[in-house]
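Enquirer: Questions regarding the structure given below will be posed in turn.
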Amino acid sequence: MGDYSHLQALEVSTQTTSEFPLDQITVNGVSPVLIVVPATDANKPYFNTLLKRAGKAARVIKRGAINSGMIDDNRDQDKELFSKHVIVGWRDQVGADGEEIPFSKQECADFLSCLPNWLFDDLRTYCSDPANFTDGIDIEVTAKN
């Protein structure tokens with residue numbers, strides 16, 4: 001059997017961070033950068049909450065009570081979850097007054113509640129892709145003779 005232990009370098013966890021620049025927002029020539037962890041099953045607190053929410057949604061769907069407001073509700077709930085479990089910091093975050101805003105979970109929740117939905121959807125897509133949290137692997141192997 002071959003040795004594939006090198007593939008472990010592709011595993012992601014909540015210790016694996018990535019930077020998500022918000023280039024669409026510029027204040028005084030600077031764009032904020034969010035420091036994020038994966039919004040995947042590697043992030044147990046986030047993923048467990050999603051599973052609970054999926055169970056509730058399944059019951060609603062089974063009753064036939066689906067409506068377009070569910071999409072907005074889902075996004076709003078994700079904004080709350082992202083502030084608690086996915087965004088772990090930021091830099092160059094500036095308020096309307098031009099003053100830098102230090103990161104806190106509450107400030108993050110306030111920021112996300114004001115962020116346009118289309119931009120939050122970009123963030124959500126980025127954080128759900130594990131490839132954004134790994135540099136990949138490039139291994140040189142010397143053949144044994």
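The chains in the structure tokens are called A, B, ... from first to last as shown; in each chain the residues are counted from 1, and the ligands are counted from 1 in the order shown.
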Give me, as a VMD selection string, all polymer residues having an atom no more than 9 Å from segment 30-45 of chain A, counting only C-alpha atoms and skipping those fewer than 2 positions away in the same chain.
Expert: chain A and resid 11 to 28 47 to 50 82 85 to 94 124 to 130 132 to 133
Enquirer: Keeping only C-alpha atoms, write the selected residues to a file as a compact mmCIF listing (two decimals), in the first residue's frame.
Expert:
# COMPACT_ATOMS: atom_id res chain seq x y z
CA GLU A 11 -6.83 19.23 6.00
CA VAL A 12 -8.36 22.44 7.28
CA SER A 13 -9.55 23.33 10.76
CA THR A 14 -10.59 26.36 12.75
CA GLN A 15 -6.87 26.90 13.30
CA THR A 16 -6.53 27.46 9.54
CA THR A 17 -7.25 31.08 8.67
CA SER A 18 -7.53 32.94 5.41
CA GLU A 19 -7.91 36.58 4.51
CA PHE A 20 -10.94 37.85 2.62
CA PRO A 21 -10.33 41.36 1.27
CA LEU A 22 -13.43 43.47 0.79
CA ASP A 23 -12.12 45.34 -2.25
CA GLN A 24 -15.62 46.64 -2.98
CA ILE A 25 -15.38 48.83 0.14
CA THR A 26 -12.76 51.57 0.22
CA VAL A 27 -12.50 54.24 2.89
CA ASN A 28 -9.65 56.74 2.65
CA PHE A 47 -21.59 23.19 11.33
CA ASN A 48 -23.54 21.80 14.29
CA THR A 49 -25.74 24.90 14.31
CA LEU A 50 -26.32 24.48 10.58
CA PHE A 82 -20.38 34.14 10.86
CA HIS A 85 -17.89 31.24 14.47
CA VAL A 86 -16.29 32.22 11.14
CA ILE A 87 -14.85 35.74 11.26
CA VAL A 88 -12.07 35.77 13.84
CA GLY A 89 -10.55 39.17 13.18
CA TRP A 90 -10.07 42.00 10.74
CA ARG A 91 -7.76 44.80 9.79
CA ASP A 92 -8.25 48.17 8.14
CA GLN A 93 -11.89 48.24 9.26
CA VAL A 94 -12.94 51.88 9.30
CA ARG A 124 -20.23 32.98 2.49
CA THR A 125 -19.19 31.29 -0.78
CA TYR A 126 -15.51 31.97 -0.10
CA CYS A 127 -15.61 30.58 3.43
CA SER A 128 -17.45 27.43 2.37
CA ASP A 129 -14.65 26.41 -0.01
CA PRO A 130 -11.93 24.48 1.87
CA ASN A 132 -9.33 28.81 0.23
CA PHE A 133 -7.77 27.60 3.49
Enquirer: Would you list, as a VMD selection string, the residues of chain A that end up in helix (DSSP H, G or I) under DSSP run on this structure's backbone?
Expert: chain A and resid 5 to 10 44 to 63 69 to 86 105 to 114 117 to 127 130 to 133
Enquirer: Closest to Pro116 of chain A among A:Met1, A:Ala9, A:Arg75, A:Tyr46, using only C-alpha atoms?
Expert: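 Closest to Pro116 of chain A, using only C-alpha atoms: A:Arg75.
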Enquirer: Quick one: of A:Glu99, A:Leu10, A:Ser113, A:Asp121, who's nearest to Ile71 of chain A, counting only C-alpha atoms?
Expert: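 Closest to Ile71 of chain A, using only C-alpha atoms: A:Asp121.
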Enquirer: Give me, as a CSV table (one decimal) with N, CA and C atoms, in the first residue's frame, all polymer residues having an atom no more than 9 Å from Lys84 of chain A, counting only C-alpha atoms and skipping those fewer than 5 positions away in the same chain.
Expert:
chain,number,residue,atom,x,y,z
A,46,TYR,N,-20.0,26.0,14.1
A,46,TYR,CA,-20.8,26.5,13.0
A,46,TYR,C,-21.6,25.4,12.3
A,79,LYS,N,-25.4,35.4,8.9
A,79,LYS,CA,-24.6,36.6,9.4
A,79,LYS,C,-24.3,36.5,10.8
A,105,LYS,N,-16.6,40.5,18.6
A,105,LYS,CA,-17.8,39.7,18.0
A,105,LYS,C,-19.0,40.6,17.8
A,106,GLN,N,-19.2,41.6,18.7
A,106,GLN,CA,-20.4,42.5,18.6
A,106,GLN,C,-20.2,43.4,17.4
A,108,CYS,N,-18.4,42.9,14.9
A,108,CYS,CA,-18.5,42.1,13.7
A,108,CYS,C,-20.0,41.8,13.3
A,109,ALA,N,-20.8,41.5,14.3
A,109,ALA,CA,-22.2,41.3,14.1
A,109,ALA,C,-22.9,42.6,13.5
Enquirer: So which bits of chain A end up strand (DSSP E or B) when you DSSP the backbone, as a list in words?
Expert: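 Result set for chain A (strand (DSSP E or B)): Ser18, Glu19, Phe20, Pro21, Val27, Val30, Val33, Leu34, Ile35, Val36, Ile87, Val88, Gly89, Trp90, Arg91, Val94 and Glu100 of chain A.
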Enquirer: Under the rule that only C-alpha atoms are counted, which of A:Arg53, A:Asp3, A:Gly29, A:Thr134 is the nearest residue to Gly98 of chain A?
Expert: A:Gly29
Enquirer: Given only C-alpha atoms as the basis, pick out the residue of A:Ala54, A:Asp76, A:Glu100, A:Leu81 nearest to Leu115 of chain A.
Expert: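 Nearest to Leu115 of chain A: A:Asp76.
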